[in-house]
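Here the structure is laid out as structure tokens; the discussion comes afterwards.
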Amino acid sequence: MRKAREIDVSLVSEAVKGLFIKANVSIGQDVYNALVQARDRIEESPIGRSVLDQIIRNHDLARAEQMPICQDTGMAVVFADVGQDVVLTGGDLTAAINLGVEEAYREGYFRKSIVEEPLFDRRNTGTNTPAVIHTRIVPGDRIKILVTPKGFGSENKSALRLFTPAQGPGEVRDFIRDTVAAAGPDPCPPLLIGVGVGGTVESAAIMAKRATLYSVGRRNPDRRYAALEMETLEAVNALGIGPAGLGGTVTCLDIHMDFAPGHIAGTPVVVNICCHAARHAEVSI
Amino acid sequence: MRYASRVVAPLNDETVLSLRSGDKVLISGVIFTGRDAAHRRMAESIAENRPLPFDVRGQIIYYVGPSPTPPGRVCGSAGPTTSGRMDLYTPLLLDLGLKGMIGKGKRSPEVVESMKKNRAVYFGAVGGAAVLISKCINRMETVAWPELGPEAVFRMRVEDLPVVVLVDSFGDDLYSDGPAWFRRSG
């Protein structure tokens, strides 16, 4: 029998705290490079290039001065893949994750944007908790933690549609394109788009969220989906929305799709929109 | 980026009428902030005939909820939020003399009509360029509703805040004209 590995939850708190501080002040190199390439080689609109230049200079400043890239430091989303040979000690995992979030948002001077109850009082919790936590039990004796501070200018423009078995990739492509067209300038283009296809309503949404976190340039291992990603990217960039929605050829930096087995009667598709400040960080304990 | 003109806040009608959709402008002077919760409270104040936290005549409202101010700085990161959520309340403020708004994203036809009627202008700042924008803010103080945290009303003194005229007082909208130029039909 394999020996269990003990991990104190205080290590999880520390990791979550460090990841949110890092993610909120420094953008990933893949997104940064894509923005530079868009400014220098792809964007045809002069005003679009100047918007991209402001975005890039903002990333440089944020990193140098350890300031949040965007004032909307988001709702804290945490993906925790917990190895089944791990024994958690020292307390409650959920509480430990929330403690890490609270400390990161306090010490990083990040905005607290979470309200306790959404329809009546809308009172701010003051700590940016609770986080949205997605836990999976996986083989192994490690914990992999992936975090993303999710801003709501873009989250607000996401969409869900249930497709029938008679509908195919063309309809999915059009749905994604139309979702971006309807959003226009509001979600802060150029965008990163995650799409979840199949499964159930909630599993498609989680797939879509994870897909927003893939590196720019990553393609689905299934060639048909990879081709659909590229075709959809082309269709979205043909909309002309451009950086900040002021018109241009770069509306979206990349689209990532994931699929899951689904029911014979229907296919949920979730389009999760992420702004150009596509912030995430991960670590393995 | 080269900016064609500088404007001083608060605004007068002459300045408002001189600005056209697509103009790049640097704003200096005093502006006020307000977003969802502050707009809701201002609308309630108007409905109940109570005074607003500041006289909106001639003023610019910046739709922003800044991140907390770290020690040694004037303010935290302070980029624009999505303006469309304020559309419900905006005509009320325009009728009272509000002359300018800074934000990002589309406005409703009702807001654009009210802007034409009341001679007002809607500026766009780059969403996400929040540290860059914070460098243009020289002073910040709370005017009302501190309990709203980032959603409180702040008075800001700004210098050379870079914006683009999105919708001018004649109703021309850069968000329709700009993308149309680059749209490719499939």
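Scheme for the structure tokens: letters A, B, ... for chains in order shown; per-chain residue numbers from 1; ligand numbers from 1 in order shown.
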
Taking only residues of chain A that have an atom at most 6 Å from an atom of chain B, what is each one's shortest atom pair and its distance in Å to one decimal, using only C-alpha atoms, in chain and number order, as JSON lines?
```
{"residue": "A:Ser50", "atom": "CA", "partner": "B:Met1", "partner_atom": "CA", "distance": 5.8}
{"residue": "A:Ile55", "atom": "CA", "partner": "B:Ala129", "partner_atom": "CA", "distance": 5.4}
{"residue": "A:Asn58", "atom": "CA", "partner": "B:Ala129", "partner_atom": "CA", "distance": 5.3}
{"residue": "A:Cys70", "atom": "CA", "partner": "B:Gly128", "partner_atom": "CA", "distance": 4.8}
{"residue": "A:Gln71", "atom": "CA", "partner": "B:Ser77", "partner_atom": "CA", "distance": 4.9}
{"residue": "A:Tyr109", "atom": "CA", "partner": "B:Pro68", "partner_atom": "CA", "distance": 5.2}
{"residue": "A:Phe110", "atom": "CA", "partner": "B:Ser67", "partner_atom": "CA", "distance": 5.5}
{"residue": "A:Arg111", "atom": "CA", "partner": "B:Ser67", "partner_atom": "CA", "distance": 4.4}
{"residue": "A:Pro185", "atom": "CA", "partner": "B:Gly105", "partner_atom": "CA", "distance": 5.0}
{"residue": "A:Asp186", "atom": "CA", "partner": "B:Gly105", "partner_atom": "CA", "distance": 4.3}
{"residue": "A:Cys188", "atom": "CA", "partner": "B:Gly127", "partner_atom": "CA", "distance": 5.8}
{"residue": "A:Ala238", "atom": "CA", "partner": "B:Arg184", "partner_atom": "CA", "distance": 5.0}
{"residue": "A:Leu239", "atom": "CA", "partner": "B:Arg183", "partner_atom": "CA", "distance": 4.9}
{"residue": "A:Gly240", "atom": "CA", "partner": "B:Arg183", "partner_atom": "CA", "distance": 4.2}
{"residue": "A:Ile241", "atom": "CA", "partner": "B:Pro179", "partner_atom": "CA", "distance": 4.8}
{"residue": "A:Leu246", "atom": "CA", "partner": "B:Gly178", "partner_atom": "CA", "distance": 5.2}
{"residue": "A:Gly247", "atom": "CA", "partner": "B:Pro179", "partner_atom": "CA", "distance": 3.7}
{"residue": "A:Gly248", "atom": "CA", "partner": "B:Phe182", "partner_atom": "CA", "distance": 5.5}
```

For Asp36 (chain B): contacts at 7 Å, only C-alpha atoms, fewer than 3 positions along chain excluded, given as a compact mmCIF listing (two decimals) with C-alpha atoms, in the first residue's frame:
```
# COMPACT_ATOMS: atom_id res chain seq x y z
CA HIS B 39 -25.46 56.05 -8.89
CA ARG B 40 -28.24 54.14 -7.22
CA ARG B 85 -24.55 49.64 -15.98
CA MET B 86 -24.96 53.34 -15.19
```

Can you list, as a count of residues only, every protein, DNA or RNA residue that comes within 8 Å of region 128-143 of chain A when you count only C-alpha atoms, leaving out same-chain residues fewer than 6 positions away? 26

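Here CA of Val16 (chain A) is placed at a distance of 22.9 Å from CA of Tyr32 (chain A).
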
Secondary structure check, strand (DSSP E) residues of chain B, as number ranges by chain: B: 5-9, 24-33, 60-62, 100-103, 121-124, 137-144, 153-167

Need the shell around region 93-102 of chain B: protein/DNA/RNA residues with any atom at most 8 Å away, counting only C-alpha atoms. Skip same-chain ones fewer than 6 positions apart. Format as a list in words? Leu11, Asn12, Val16, Val56, Arg57, Gly58, Gln59, Ile60, Ile61, Tyr62, Tyr63, Pro80, Ser114, Met115, Asn118, Arg119, Ala120, Val121, Tyr122, Phe123, Gly124, Ala125 and Val163 of chain B

Selected residues, N, CA and C atoms, written as a PDB file, in the first residue's frame, please.
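Saved result, selection20.pdb, follows:
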```
ATOM      1  N   LEU B  11     -16.282  71.187 -17.173  1.00  0.00           N
ATOM      2  CA  LEU B  11     -16.419  71.545 -18.591  1.00  0.00           C
ATOM      3  C   LEU B  11     -17.421  72.672 -18.795  1.00  0.00           C
ATOM      4  N   ASN B  12     -17.224  73.451 -19.874  1.00  0.00           N
ATOM      5  CA  ASN B  12     -18.287  74.384 -20.277  1.00  0.00           C
ATOM      6  C   ASN B  12     -18.834  73.967 -21.641  1.00  0.00           C
ATOM      7  N   VAL B  16     -17.438  71.414 -24.701  1.00  0.00           N
ATOM      8  CA  VAL B  16     -18.212  70.220 -25.054  1.00  0.00           C
ATOM      9  C   VAL B  16     -18.532  70.213 -26.552  1.00  0.00           C
ATOM     10  N   VAL B  56     -23.563  68.662  -9.651  1.00  0.00           N
ATOM     11  CA  VAL B  56     -23.095  67.979 -10.865  1.00  0.00           C
ATOM     12  C   VAL B  56     -22.947  68.929 -12.062  1.00  0.00           C
ATOM     13  N   ARG B  57     -23.410  70.186 -11.924  1.00  0.00           N
ATOM     14  CA  ARG B  57     -23.375  71.094 -13.078  1.00  0.00           C
ATOM     15  C   ARG B  57     -21.951  71.289 -13.610  1.00  0.00           C
ATOM     16  N   GLY B  58     -21.763  70.996 -14.865  1.00  0.00           N
ATOM     17  CA  GLY B  58     -20.462  71.181 -15.513  1.00  0.00           C
ATOM     18  C   GLY B  58     -19.454  70.071 -15.239  1.00  0.00           C
ATOM     19  N   GLN B  59     -19.810  69.165 -14.340  1.00  0.00           N
ATOM     20  CA  GLN B  59     -18.804  68.189 -13.884  1.00  0.00           C
ATOM     21  C   GLN B  59     -18.662  66.980 -14.813  1.00  0.00           C
ATOM     22  N   ILE B  60     -17.555  66.275 -14.580  1.00  0.00           N
ATOM     23  CA  ILE B  60     -17.302  64.981 -15.223  1.00  0.00           C
ATOM     24  C   ILE B  60     -17.360  63.911 -14.142  1.00  0.00           C
ATOM     25  N   ILE B  61     -18.085  62.829 -14.414  1.00  0.00           N
ATOM     26  CA  ILE B  61     -18.054  61.661 -13.522  1.00  0.00           C
ATOM     27  C   ILE B  61     -17.226  60.566 -14.181  1.00  0.00           C
ATOM     28  N   TYR B  62     -16.280  60.037 -13.417  1.00  0.00           N
ATOM     29  CA  TYR B  62     -15.446  58.925 -13.870  1.00  0.00           C
ATOM     30  C   TYR B  62     -15.987  57.654 -13.229  1.00  0.00           C
ATOM     31  N   TYR B  63     -16.370  56.678 -14.075  1.00  0.00           N
ATOM     32  CA  TYR B  63     -16.889  55.406 -13.575  1.00  0.00           C
ATOM     33  C   TYR B  63     -15.712  54.521 -13.159  1.00  0.00           C
ATOM     34  N   PRO B  80     -11.173  52.393 -15.876  1.00  0.00           N
ATOM     35  CA  PRO B  80     -12.621  52.561 -16.008  1.00  0.00           C
ATOM     36  C   PRO B  80     -13.376  51.242 -15.867  1.00  0.00           C
ATOM     37  N   SER B 114     -30.138  61.862 -24.464  1.00  0.00           N
ATOM     38  CA  SER B 114     -30.044  62.827 -23.362  1.00  0.00           C
ATOM     39  C   SER B 114     -28.754  63.655 -23.478  1.00  0.00           C
ATOM     40  N   MET B 115     -27.672  63.025 -23.952  1.00  0.00           N
ATOM     41  CA  MET B 115     -26.413  63.755 -24.146  1.00  0.00           C
ATOM     42  C   MET B 115     -26.575  64.832 -25.218  1.00  0.00           C
ATOM     43  N   ASN B 118     -28.794  67.611 -23.720  1.00  0.00           N
ATOM     44  CA  ASN B 118     -28.163  68.385 -22.645  1.00  0.00           C
ATOM     45  C   ASN B 118     -26.739  68.839 -22.963  1.00  0.00           C
ATOM     46  N   ARG B 119     -26.266  68.546 -24.157  1.00  0.00           N
ATOM     47  CA  ARG B 119     -24.894  68.885 -24.561  1.00  0.00           C
ATOM     48  C   ARG B 119     -23.864  68.318 -23.581  1.00  0.00           C
ATOM     49  N   ALA B 120     -23.627  67.032 -23.725  1.00  0.00           N
ATOM     50  CA  ALA B 120     -22.650  66.371 -22.864  1.00  0.00           C
ATOM     51  C   ALA B 120     -21.789  65.455 -23.722  1.00  0.00           C
ATOM     52  N   VAL B 121     -20.678  65.001 -23.142  1.00  0.00           N
ATOM     53  CA  VAL B 121     -19.719  64.201 -23.896  1.00  0.00           C
ATOM     54  C   VAL B 121     -19.322  62.974 -23.085  1.00  0.00           C
ATOM     55  N   TYR B 122     -19.100  61.858 -23.795  1.00  0.00           N
ATOM     56  CA  TYR B 122     -18.704  60.602 -23.141  1.00  0.00           C
ATOM     57  C   TYR B 122     -17.302  60.233 -23.604  1.00  0.00           C
ATOM     58  N   PHE B 123     -16.380  60.191 -22.641  1.00  0.00           N
ATOM     59  CA  PHE B 123     -14.988  59.863 -22.940  1.00  0.00           C
ATOM     60  C   PHE B 123     -14.703  58.404 -22.603  1.00  0.00           C
ATOM     61  N   GLY B 124     -13.765  57.806 -23.329  1.00  0.00           N
ATOM     62  CA  GLY B 124     -13.328  56.449 -23.017  1.00  0.00           C
ATOM     63  C   GLY B 124     -11.892  56.436 -22.546  1.00  0.00           C
ATOM     64  N   ALA B 125     -11.641  55.751 -21.433  1.00  0.00           N
ATOM     65  CA  ALA B 125     -10.265  55.465 -21.016  1.00  0.00           C
ATOM     66  C   ALA B 125     -10.042  53.989 -21.323  1.00  0.00           C
ATOM     67  N   VAL B 163      -7.714  60.191 -22.718  1.00  0.00           N
ATOM     68  CA  VAL B 163      -9.012  59.608 -23.084  1.00  0.00           C
ATOM     69  C   VAL B 163      -9.285  59.845 -24.564  1.00  0.00           C
TER      70      VAL B 163
END
```

For CA of Glu110 (chain B) and CA of Tyr89 (chain B), quote the distance in Å rounded to one decimal. 10.4 Å

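Distance check against Arg157 (chain B) using only C-alpha atoms: of B:Arg35, B:Ser5, B:Val30, B:Ala47, the minimum falls on B:Val30.
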
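Minimum distance to Val87 (chain A) across A:Val9, A:Ala205, A:Ile176, A:Leu61 (counting only C-alpha atoms) occurs at A:Val9.
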
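Here CA of Ile47 (chain A) stands at a distance of 10.2 Å from CA of Gly245 (chain A).
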
Report the residues of region 85-258 of chain A whose backbone DSSP state falls under helix (DSSP H, G or I), written as number ranges by chain. A: 93-107, 152-155, 169-183, 201-211, 223-237, 243-245

Writer output for current selection, C-alpha atoms, as a tab-separated table (two decimals), in the first residue's frame:
```tsv
chain	number	residue	atom	x	y	z
A	93	LEU	CA	-9.00	23.12	3.36
A	94	THR	CA	-11.73	25.58	2.35
A	95	ALA	CA	-10.94	27.86	5.29
A	96	ALA	CA	-7.24	27.65	4.43
A	97	ILE	CA	-7.85	28.69	0.82
A	98	ASN	CA	-10.06	31.58	1.92
A	99	LEU	CA	-7.45	32.70	4.44
A	100	GLY	CA	-4.86	32.82	1.66
A	101	VAL	CA	-7.20	34.90	-0.51
A	102	GLU	CA	-7.99	37.29	2.35
A	103	GLU	CA	-4.31	37.85	3.16
A	104	ALA	CA	-3.36	38.36	-0.49
A	105	TYR	CA	-6.07	40.97	-1.04
A	106	ARG	CA	-5.24	42.81	2.18
A	107	GLU	CA	-1.45	42.80	1.84
A	152	PHE	CA	-16.44	40.91	-14.06
A	153	GLY	CA	-16.35	43.32	-16.98
A	154	SER	CA	-15.66	40.24	-19.07
A	155	GLU	CA	-17.42	37.62	-16.93
A	169	PRO	CA	-19.45	23.02	-35.34
A	170	GLY	CA	-20.68	25.80	-37.63
A	171	GLU	CA	-23.47	26.72	-35.22
A	172	VAL	CA	-21.05	26.65	-32.28
A	173	ARG	CA	-18.65	28.94	-34.17
A	174	ASP	CA	-21.49	31.38	-34.92
A	175	PHE	CA	-22.65	31.33	-31.29
A	176	ILE	CA	-19.17	32.28	-30.09
A	177	ARG	CA	-18.83	34.99	-32.74
A	178	ASP	CA	-22.27	36.42	-31.94
A	179	THR	CA	-21.49	36.44	-28.20
A	180	VAL	CA	-18.36	38.51	-28.87
A	181	ALA	CA	-20.24	40.79	-31.29
A	182	ALA	CA	-22.96	41.47	-28.70
A	183	ALA	CA	-20.34	42.22	-26.04
A	201	VAL	CA	-24.59	22.83	-17.87
A	202	GLU	CA	-22.28	23.13	-14.86
A	203	SER	CA	-19.48	20.92	-16.18
A	204	ALA	CA	-19.39	22.86	-19.46
A	205	ALA	CA	-19.05	26.10	-17.48
A	206	ILE	CA	-16.13	24.78	-15.45
A	207	MET	CA	-14.45	23.48	-18.65
A	208	ALA	CA	-14.88	26.91	-20.21
A	209	LYS	CA	-13.34	28.65	-17.22
A	210	ARG	CA	-10.34	26.30	-17.23
A	211	ALA	CA	-9.95	26.84	-20.98
A	223	ARG	CA	-7.37	18.20	-34.77
A	224	ARG	CA	-11.04	18.87	-35.48
A	225	TYR	CA	-11.39	21.02	-32.38
A	226	ALA	CA	-8.05	22.70	-33.08
A	227	ALA	CA	-9.32	23.63	-36.55
A	228	LEU	CA	-12.58	24.90	-35.06
A	229	GLU	CA	-10.62	27.05	-32.59
A	230	MET	CA	-8.68	28.64	-35.46
A	231	GLU	CA	-11.74	29.09	-37.65
A	232	THR	CA	-13.66	30.73	-34.81
A	233	LEU	CA	-10.72	33.00	-33.97
A	234	GLU	CA	-10.71	34.14	-37.59
A	235	ALA	CA	-14.47	34.82	-37.51
A	236	VAL	CA	-14.20	36.77	-34.25
A	237	ASN	CA	-11.32	38.91	-35.49
A	243	PRO	CA	-8.46	46.77	-29.01
A	244	ALA	CA	-10.75	48.51	-26.48
A	245	GLY	CA	-13.52	48.17	-29.07
```

Excluding region 136-141 of chain B and its own-chain neighbours fewer than 4 positions away, which residues fall within 8 Å of it when counting only C-alpha atoms? Please give them as JSON, numbers by chain. {"B": [74, 75, 132, 154, 155, 156, 157, 158, 159, 160, 161]}
